[in-house]
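Next comes model11.tsv, a file with TSV, N, CA and C atoms.
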chain	number	residue	atom	x	y	z
A	1	MET	N	105.02	65.85	147.35
A	1	MET	CA	104.67	64.55	146.79
A	1	MET	C	104.81	64.61	145.26
A	2	LYS	N	105.35	63.56	144.70
A	2	LYS	CA	105.60	63.47	143.27
A	2	LYS	C	104.30	63.18	142.52
A	3	LYS	N	104.06	63.91	141.44
A	3	LYS	CA	102.85	63.71	140.65
A	3	LYS	C	103.00	62.47	139.76
A	4	ARG	N	101.94	61.71	139.66
A	4	ARG	CA	101.93	60.49	138.87
A	4	ARG	C	101.99	60.85	137.38
A	5	LYS	N	102.82	60.12	136.64
A	5	LYS	CA	102.94	60.36	135.20
A	5	LYS	C	101.78	59.70	134.47
A	6	THR	N	101.33	60.35	133.42
A	6	THR	CA	100.31	59.76	132.56
A	6	THR	C	100.86	59.71	131.14
A	7	TYR	N	100.49	58.68	130.42
A	7	TYR	CA	100.99	58.47	129.07
A	7	TYR	C	99.81	58.36	128.11
A	8	SER	N	100.00	58.90	126.91
A	8	SER	CA	98.94	58.85	125.91
A	8	SER	C	98.80	57.43	125.35
A	9	GLY	N	97.67	57.17	124.79
A	9	GLY	CA	97.45	55.87	124.16
A	9	GLY	C	98.39	55.64	123.00
A	10	THR	N	98.71	56.71	122.29
A	10	THR	CA	99.64	56.60	121.16
A	10	THR	C	101.02	56.17	121.63
A	11	PHE	N	101.47	56.76	122.72
A	11	PHE	CA	102.77	56.40	123.27
A	11	PHE	C	102.78	54.94	123.73
A	12	LYS	N	101.73	54.54	124.43
A	12	LYS	CA	101.65	53.16	124.91
A	12	LYS	C	101.67	52.18	123.75
A	13	ALA	N	100.91	52.48	122.70
A	13	ALA	CA	100.88	51.61	121.53
A	13	ALA	C	102.25	51.54	120.87
A	14	GLN	N	102.93	52.65	120.78
A	14	GLN	CA	104.26	52.69	120.18
A	14	GLN	C	105.22	51.77	120.94
A	15	VAL	N	105.22	51.86	122.25
A	15	VAL	CA	106.11	51.05	123.07
A	15	VAL	C	105.76	49.56	122.92
A	16	VAL	N	104.48	49.24	122.97
A	16	VAL	CA	104.05	47.84	122.86
A	16	VAL	C	104.40	47.28	121.48
A	17	LEU	N	104.19	48.06	120.44
A	17	LEU	CA	104.51	47.58	119.09
A	17	LEU	C	106.00	47.36	118.92
A	18	GLU	N	106.81	48.22	119.50
A	18	GLU	CA	108.25	48.00	119.45
A	18	GLU	C	108.62	46.68	120.12
A	19	LEU	N	107.95	46.38	121.21
A	19	LEU	CA	108.19	45.12	121.92
A	19	LEU	C	107.72	43.93	121.08
A	20	LEU	N	106.52	44.03	120.52
A	20	LEU	CA	105.96	42.92	119.75
A	20	LEU	C	106.74	42.64	118.47
A	21	PHE	N	107.22	43.68	117.82
A	21	PHE	CA	107.96	43.50	116.57
A	21	PHE	C	109.42	43.11	116.83
A	22	GLY	N	109.82	43.06	118.09
A	22	GLY	CA	111.15	42.61	118.43
A	22	GLY	C	112.25	43.60	118.13
A	23	LYS	N	111.89	44.87	117.97
A	23	LYS	CA	112.93	45.87	117.72
A	23	LYS	C	113.88	45.97	118.91
A	24	LYS	N	113.32	45.87	120.11
A	24	LYS	CA	114.11	45.91	121.33
A	24	LYS	C	113.46	44.96	122.33
A	25	ASN	N	114.26	44.50	123.28
A	25	ASN	CA	113.68	43.63	124.30
A	25	ASN	C	113.08	44.48	125.42
A	26	LEU	N	112.41	43.81	126.33
A	26	LEU	CA	111.67	44.48	127.40
A	26	LEU	C	112.56	45.37	128.26
A	27	VAL	N	113.71	44.86	128.63
A	27	VAL	CA	114.61	45.61	129.51
A	27	VAL	C	115.13	46.87	128.81
A	28	ASP	N	115.49	46.73	127.53
A	28	ASP	CA	115.99	47.88	126.78
A	28	ASP	C	114.92	48.96	126.61
A	29	LEU	N	113.70	48.53	126.31
A	29	LEU	CA	112.60	49.50	126.17
A	29	LEU	C	112.34	50.22	127.49
A	30	ALA	N	112.33	49.47	128.56
A	30	ALA	CA	112.08	50.06	129.87
A	30	ALA	C	113.14	51.10	130.20
A	31	ALA	N	114.38	50.80	129.90
A	31	ALA	CA	115.46	51.75	130.16
A	31	ALA	C	115.36	52.98	129.25
A	32	GLN	N	115.06	52.74	127.99
A	32	GLN	CA	114.98	53.84	127.02
A	32	GLN	C	113.89	54.85	127.40
A	33	TYR	N	112.72	54.35	127.77
A	33	TYR	CA	111.58	55.22	128.07
A	33	TYR	C	111.42	55.51	129.56
A	34	GLU	N	112.34	55.01	130.37
A	34	GLU	CA	112.30	55.21	131.82
A	34	GLU	C	110.98	54.71	132.42
A	35	LEU	N	110.65	53.48	132.08
A	35	LEU	CA	109.45	52.82	132.57
A	35	LEU	C	109.85	51.55	133.30
A	36	HIS	N	108.96	51.08	134.15
A	36	HIS	CA	109.20	49.80	134.80
A	36	HIS	C	108.78	48.70	133.81
A	37	PRO	N	109.54	47.62	133.71
A	37	PRO	CA	109.18	46.54	132.79
A	37	PRO	C	107.78	45.99	133.02
A	38	ASN	N	107.32	45.95	134.28
A	38	ASN	CA	105.95	45.47	134.54
A	38	ASN	C	104.91	46.38	133.91
A	39	GLN	N	105.19	47.67	133.83
A	39	GLN	CA	104.23	48.59	133.21
A	39	GLN	C	104.09	48.27	131.73
A	40	ILE	N	105.19	48.01	131.07
A	40	ILE	CA	105.14	47.66	129.65
A	40	ILE	C	104.42	46.33	129.47
A	41	LYS	N	104.66	45.36	130.36
A	41	LYS	CA	103.96	44.07	130.26
A	41	LYS	C	102.46	44.26	130.45
A	42	ASN	N	102.06	45.15	131.35
A	42	ASN	CA	100.63	45.42	131.55
A	42	ASN	C	100.01	46.04	130.30
A	43	TRP	N	100.73	46.99	129.69
A	43	TRP	CA	100.23	47.60	128.46
A	43	TRP	C	100.11	46.57	127.34
A	44	LYS	N	101.10	45.69	127.25
A	44	LYS	CA	101.08	44.65	126.22
A	44	LYS	C	99.87	43.73	126.43
A	45	SER	N	99.63	43.33	127.66
A	45	SER	CA	98.51	42.46	127.97
A	45	SER	C	97.18	43.11	127.60
A	46	ALA	N	97.01	44.37	127.96
A	46	ALA	CA	95.78	45.10	127.63
A	46	ALA	C	95.63	45.23	126.12
A	47	PHE	N	96.72	45.50	125.44
A	47	PHE	CA	96.72	45.63	123.98
A	47	PHE	C	96.25	44.34	123.32
A	48	LEU	N	96.81	43.22	123.75
A	48	LEU	CA	96.47	41.94	123.15
A	48	LEU	C	95.04	41.51	123.49
A	49	GLN	N	94.54	41.88	124.66
A	49	GLN	CA	93.17	41.54	125.03
A	49	GLN	C	92.16	42.34	124.21
A	50	GLN	N	92.50	43.58	123.89
A	50	GLN	CA	91.58	44.44	123.15
A	50	GLN	C	91.67	44.27	121.63
A	51	ALA	N	92.73	43.68	121.13
A	51	ALA	CA	92.94	43.54	119.69
A	51	ALA	C	91.77	42.84	118.97
A	52	PRO	N	91.24	41.74	119.49
A	52	PRO	CA	90.14	41.08	118.78
A	52	PRO	C	88.89	41.98	118.63
A	53	ASN	N	88.68	42.90	119.56
A	53	ASN	CA	87.52	43.77	119.49
A	53	ASN	C	87.57	44.69	118.27
A	54	LEU	N	88.76	44.96	117.77
A	54	LEU	CA	88.89	45.82	116.59
A	54	LEU	C	88.26	45.19	115.36
A	55	PHE	N	88.25	43.87	115.31
A	55	PHE	CA	87.80	43.18	114.12
A	55	PHE	C	86.42	42.54	114.27
A	56	GLU	N	85.77	42.79	115.38
A	56	GLU	CA	84.42	42.29	115.59
A	56	GLU	C	83.45	43.04	114.68
A	57	ASP	N	82.44	42.33	114.20
A	57	ASP	CA	81.39	42.96	113.39
A	57	ASP	C	80.41	43.61	114.36
A	58	LYS	N	80.47	44.91	114.45
A	58	LYS	CA	79.66	45.64	115.42
A	58	LYS	C	78.17	45.58	115.09
A	59	ARG	N	77.83	45.32	113.83
A	59	ARG	CA	76.42	45.21	113.46
A	59	ARG	C	75.79	43.98	114.13
A	60	LYS	N	76.53	42.89	114.17
A	60	LYS	CA	76.01	41.68	114.81
A	60	LYS	C	75.90	41.87	116.31
A	61	LYS	N	76.85	42.59	116.88
A	61	LYS	CA	76.84	42.83	118.32
A	61	LYS	C	75.60	43.64	118.71
A	62	LYS	N	75.28	44.68	117.92
A	62	LYS	CA	74.11	45.51	118.21
A	62	LYS	C	72.83	44.71	118.04
A	63	ALA	N	72.77	43.86	117.03
A	63	ALA	CA	71.58	43.05	116.81
A	63	ALA	C	71.37	42.10	117.97
A	64	GLY	N	72.45	41.53	118.49
A	64	GLY	CA	72.35	40.62	119.62
A	64	GLY	C	71.83	41.32	120.86
A	65	VAL	N	72.23	42.54	121.07
A	65	VAL	CA	71.76	43.30	122.22
A	65	VAL	C	70.29	43.61	122.07
A	66	GLN	N	69.88	43.97	120.87
A	66	GLN	CA	68.48	44.28	120.64
A	66	GLN	C	67.61	43.04	120.82
A	67	ASP	N	68.10	41.88	120.33
A	67	ASP	CA	67.35	40.64	120.53
A	67	ASP	C	67.22	40.32	122.01
A	68	GLY	N	68.28	40.56	122.75
A	68	GLY	CA	68.25	40.33	124.18
A	68	GLY	C	67.24	41.22	124.88
A	69	LYS	N	67.13	42.45	124.44
A	69	LYS	CA	66.15	43.36	125.02
A	69	LYS	C	64.74	42.91	124.74
A	70	ARG	N	64.53	42.38	123.54
A	70	ARG	CA	63.20	41.89	123.19
A	70	ARG	C	62.81	40.71	124.07
A	71	ASN	N	63.75	39.81	124.33
A	71	ASN	CA	63.46	38.66	125.16
A	71	ASN	C	63.12	39.06	126.58
A	72	VAL	N	63.76	40.05	127.09
A	72	VAL	CA	63.51	40.49	128.47
A	72	VAL	C	62.13	41.11	128.57
A	73	SER	N	61.74	41.91	127.55
A	73	SER	CA	60.46	42.60	127.62
A	73	SER	C	59.28	41.67	127.32
A	74	GLU	N	59.54	40.55	126.65
A	74	GLU	CA	58.47	39.62	126.32
A	74	GLU	C	58.12	38.80	127.49

Could you spell out this file's structure in structure tokens?
Amino acid sequence: MKKRKTYSGTFKAQVVLELLFGKKNLVDLAAQYELHPNQIKNWKSAFLQQAPNLFEDKRKKKAGVQDGKRNVSE
């Protein structure tokens, strides 16, 4: 049985950024890296969904959680 390939986060980000910056199209990237185009689309989708979390103010998020805990205990 063939072992499943795993890719690092750095590699996935590199491929997605190449796609987003328009250096190559989806089909060319898939052929270059020997990936299925759907895999690259899945990585792109995950990348774009997680991007806003990078810029969230984590201090406000923690304060909101603490306030929520206080309400539950009260």

What does the distance between atom N of Leu29 (chain A) and atom C of Leu17 (chain A) come to in Å, to one decimal place?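 These atoms are spaced 10.7 Å apart.
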
Could you write out, as a ChimeraX atom specification, all the residues of chain A that DSSP marks as alpha helix (DSSP H)? /A:9-20,26-33,37-54,58-73

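Shell of Ala13 (chain A) at 8 Å, with all atoms listed in the file counted and residues fewer than 5 places along the chain excluded, is A:Ser8, A:Glu18, A:Leu19, A:Trp43, A:Phe47.
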
Please produce a file of the residues just selected, as a PDB file, keeping the file's coordinate frame, where the atoms kept are N, CA and C atoms.
ATOM      1  N   SER A   8     100.000  58.900 126.910  1.00  0.00           N
ATOM      2  CA  SER A   8      98.940  58.850 125.910  1.00  0.00           C
ATOM      3  C   SER A   8      98.800  57.430 125.350  1.00  0.00           C
ATOM      4  N   GLU A  18     106.810  48.220 119.500  1.00  0.00           N
ATOM      5  CA  GLU A  18     108.250  48.000 119.450  1.00  0.00           C
ATOM      6  C   GLU A  18     108.620  46.680 120.120  1.00  0.00           C
ATOM      7  N   LEU A  19     107.950  46.380 121.210  1.00  0.00           N
ATOM      8  CA  LEU A  19     108.190  45.120 121.920  1.00  0.00           C
ATOM      9  C   LEU A  19     107.720  43.930 121.080  1.00  0.00           C
ATOM     10  N   TRP A  43     100.730  46.990 129.690  1.00  0.00           N
ATOM     11  CA  TRP A  43     100.230  47.600 128.460  1.00  0.00           C
ATOM     12  C   TRP A  43     100.110  46.570 127.340  1.00  0.00           C
ATOM     13  N   PHE A  47      96.720  45.500 125.440  1.00  0.00           N
ATOM     14  CA  PHE A  47      96.720  45.630 123.980  1.00  0.00           C
ATOM     15  C   PHE A  47      96.250  44.340 123.320  1.00  0.00           C
TER      16      PHE A  47
END

Atomic distance atom N of Ala31 (chain A) - atom N of Val16 (chain A), expressed in Å with one decimal: 12.2 Å

Centre and edges of the region 25-29 of chain A box, axis-aligned, 5 Å extra per side, as lines of an AutoDock Vina configuration file:
center_x = 113.8
center_y = 46.9
center_z = 126.4
size_x = 14.3
size_y = 16.6
size_z = 16.2

Hey, what's within 12 Å of Thr6 (chain A) if we count only C-alpha atoms and toss same-chain stuff fewer than 6 positions away? As a compact mmCIF listing (two decimals) with N, CA and C atoms, in the frame of the given file, please?
# COMPACT_ATOMS: atom_id res chain seq x y z
N LYS A 12 101.73 54.54 124.43
CA LYS A 12 101.65 53.16 124.91
C LYS A 12 101.67 52.18 123.75
N LEU A 35 110.65 53.48 132.08
CA LEU A 35 109.45 52.82 132.57
C LEU A 35 109.85 51.55 133.30
N GLN A 39 105.19 47.67 133.83
CA GLN A 39 104.23 48.59 133.21
C GLN A 39 104.09 48.27 131.73

Just want the 7 Å neighbourhood of Pro37 (chain A), counted on only C-alpha atoms, with same-chain residues fewer than 5 positions away dropped. Output as a compact mmCIF listing (two decimals) with N, CA and C atoms, keeping the file's coordinate frame.
# COMPACT_ATOMS: atom_id res chain seq x y z
N LEU A 26 112.41 43.81 126.33
CA LEU A 26 111.67 44.48 127.40
C LEU A 26 112.56 45.37 128.26
N VAL A 27 113.71 44.86 128.63
CA VAL A 27 114.61 45.61 129.51
C VAL A 27 115.13 46.87 128.81
N ALA A 30 112.33 49.47 128.56
CA ALA A 30 112.08 50.06 129.87
C ALA A 30 113.14 51.10 130.20

Student task, chain A output with C-alpha atoms as a compact mmCIF listing (two decimals), in the first residue's frame:
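Saved as out.txt:
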# COMPACT_ATOMS: atom_id res chain seq x y z
CA MET A 1 0.00 0.00 0.00
CA LYS A 2 1.25 3.46 -0.92
CA LYS A 3 2.02 5.80 1.98
CA ARG A 4 0.12 9.08 2.06
CA LYS A 5 2.23 12.17 1.36
CA THR A 6 2.37 14.95 3.91
CA TYR A 7 3.37 18.52 3.17
CA SER A 8 4.74 21.18 5.49
CA GLY A 9 2.84 24.36 6.18
CA THR A 10 5.64 26.32 4.55
CA PHE A 11 5.28 24.35 1.33
CA LYS A 12 1.50 24.76 1.32
CA ALA A 13 1.81 28.51 1.88
CA GLN A 14 4.36 28.79 -0.92
CA VAL A 15 2.07 27.04 -3.40
CA VAL A 16 -0.98 29.08 -2.36
CA LEU A 17 0.92 32.37 -2.56
CA GLU A 18 2.16 31.51 -6.04
CA LEU A 19 -1.46 30.93 -7.02
CA LEU A 20 -2.73 34.12 -5.36
CA PHE A 21 -0.02 36.33 -6.85
CA GLY A 22 -0.78 34.94 -10.29
CA LYS A 23 2.72 33.68 -10.98
CA LYS A 24 1.20 30.50 -12.38
CA ASN A 25 -2.31 29.21 -12.89
CA LEU A 26 -3.84 26.32 -10.97
CA VAL A 27 -3.19 23.68 -13.61
CA ASP A 28 0.46 24.68 -14.04
CA LEU A 29 1.09 24.65 -10.29
CA ALA A 30 -0.56 21.26 -9.92
CA ALA A 31 1.63 19.83 -12.68
CA GLN A 32 4.81 21.44 -11.35
CA TYR A 33 4.37 20.13 -7.80
CA GLU A 34 2.61 16.90 -8.79
CA LEU A 35 -0.53 17.77 -6.83
CA HIS A 36 -4.19 17.49 -7.66
CA PRO A 37 -5.75 20.89 -8.44
CA ASN A 38 -8.46 20.25 -5.81
CA GLN A 39 -5.77 19.90 -3.15
CA ILE A 40 -4.38 23.32 -4.00
CA LYS A 41 -7.91 24.79 -3.97
CA ASN A 42 -8.48 23.29 -0.51
CA TRP A 43 -5.22 24.80 0.76
CA LYS A 44 -6.17 28.17 -0.73
CA SER A 45 -9.58 28.06 0.93
CA ALA A 46 -8.08 27.21 4.33
CA PHE A 47 -5.47 29.93 3.89
CA LEU A 48 -8.06 32.60 3.12
CA GLN A 49 -10.32 31.51 5.99
CA GLN A 50 -7.48 31.72 8.51
CA ALA A 51 -5.98 35.00 7.23
CA PRO A 52 -8.29 37.31 9.25
CA ASN A 53 -7.27 35.53 12.48
CA LEU A 54 -3.71 36.79 12.01
CA PHE A 55 -4.84 40.37 12.47
CA GLU A 56 -7.31 39.89 15.31
CA ASP A 57 -6.50 41.67 18.58
CA LYS A 58 -5.92 38.70 20.85
CA ARG A 59 -6.18 40.87 23.97
CA LYS A 60 -9.82 41.61 23.21
CA LYS A 61 -10.51 37.97 22.47
CA LYS A 62 -9.10 36.89 25.87
CA ALA A 63 -11.06 39.59 27.67
CA GLY A 64 -14.27 38.41 25.99
CA VAL A 65 -13.65 34.86 27.13
CA GLN A 66 -12.99 35.98 30.67
CA ASP A 67 -16.17 38.08 30.69
CA GLY A 68 -18.08 35.07 29.45
CA LYS A 69 -16.70 32.95 32.26
CA ARG A 70 -17.77 35.54 34.80
CA ASN A 71 -21.32 35.54 33.45
CA VAL A 72 -21.58 31.77 33.66
CA SER A 73 -20.33 31.66 37.25
CA GLU A 74 -22.61 34.50 38.38
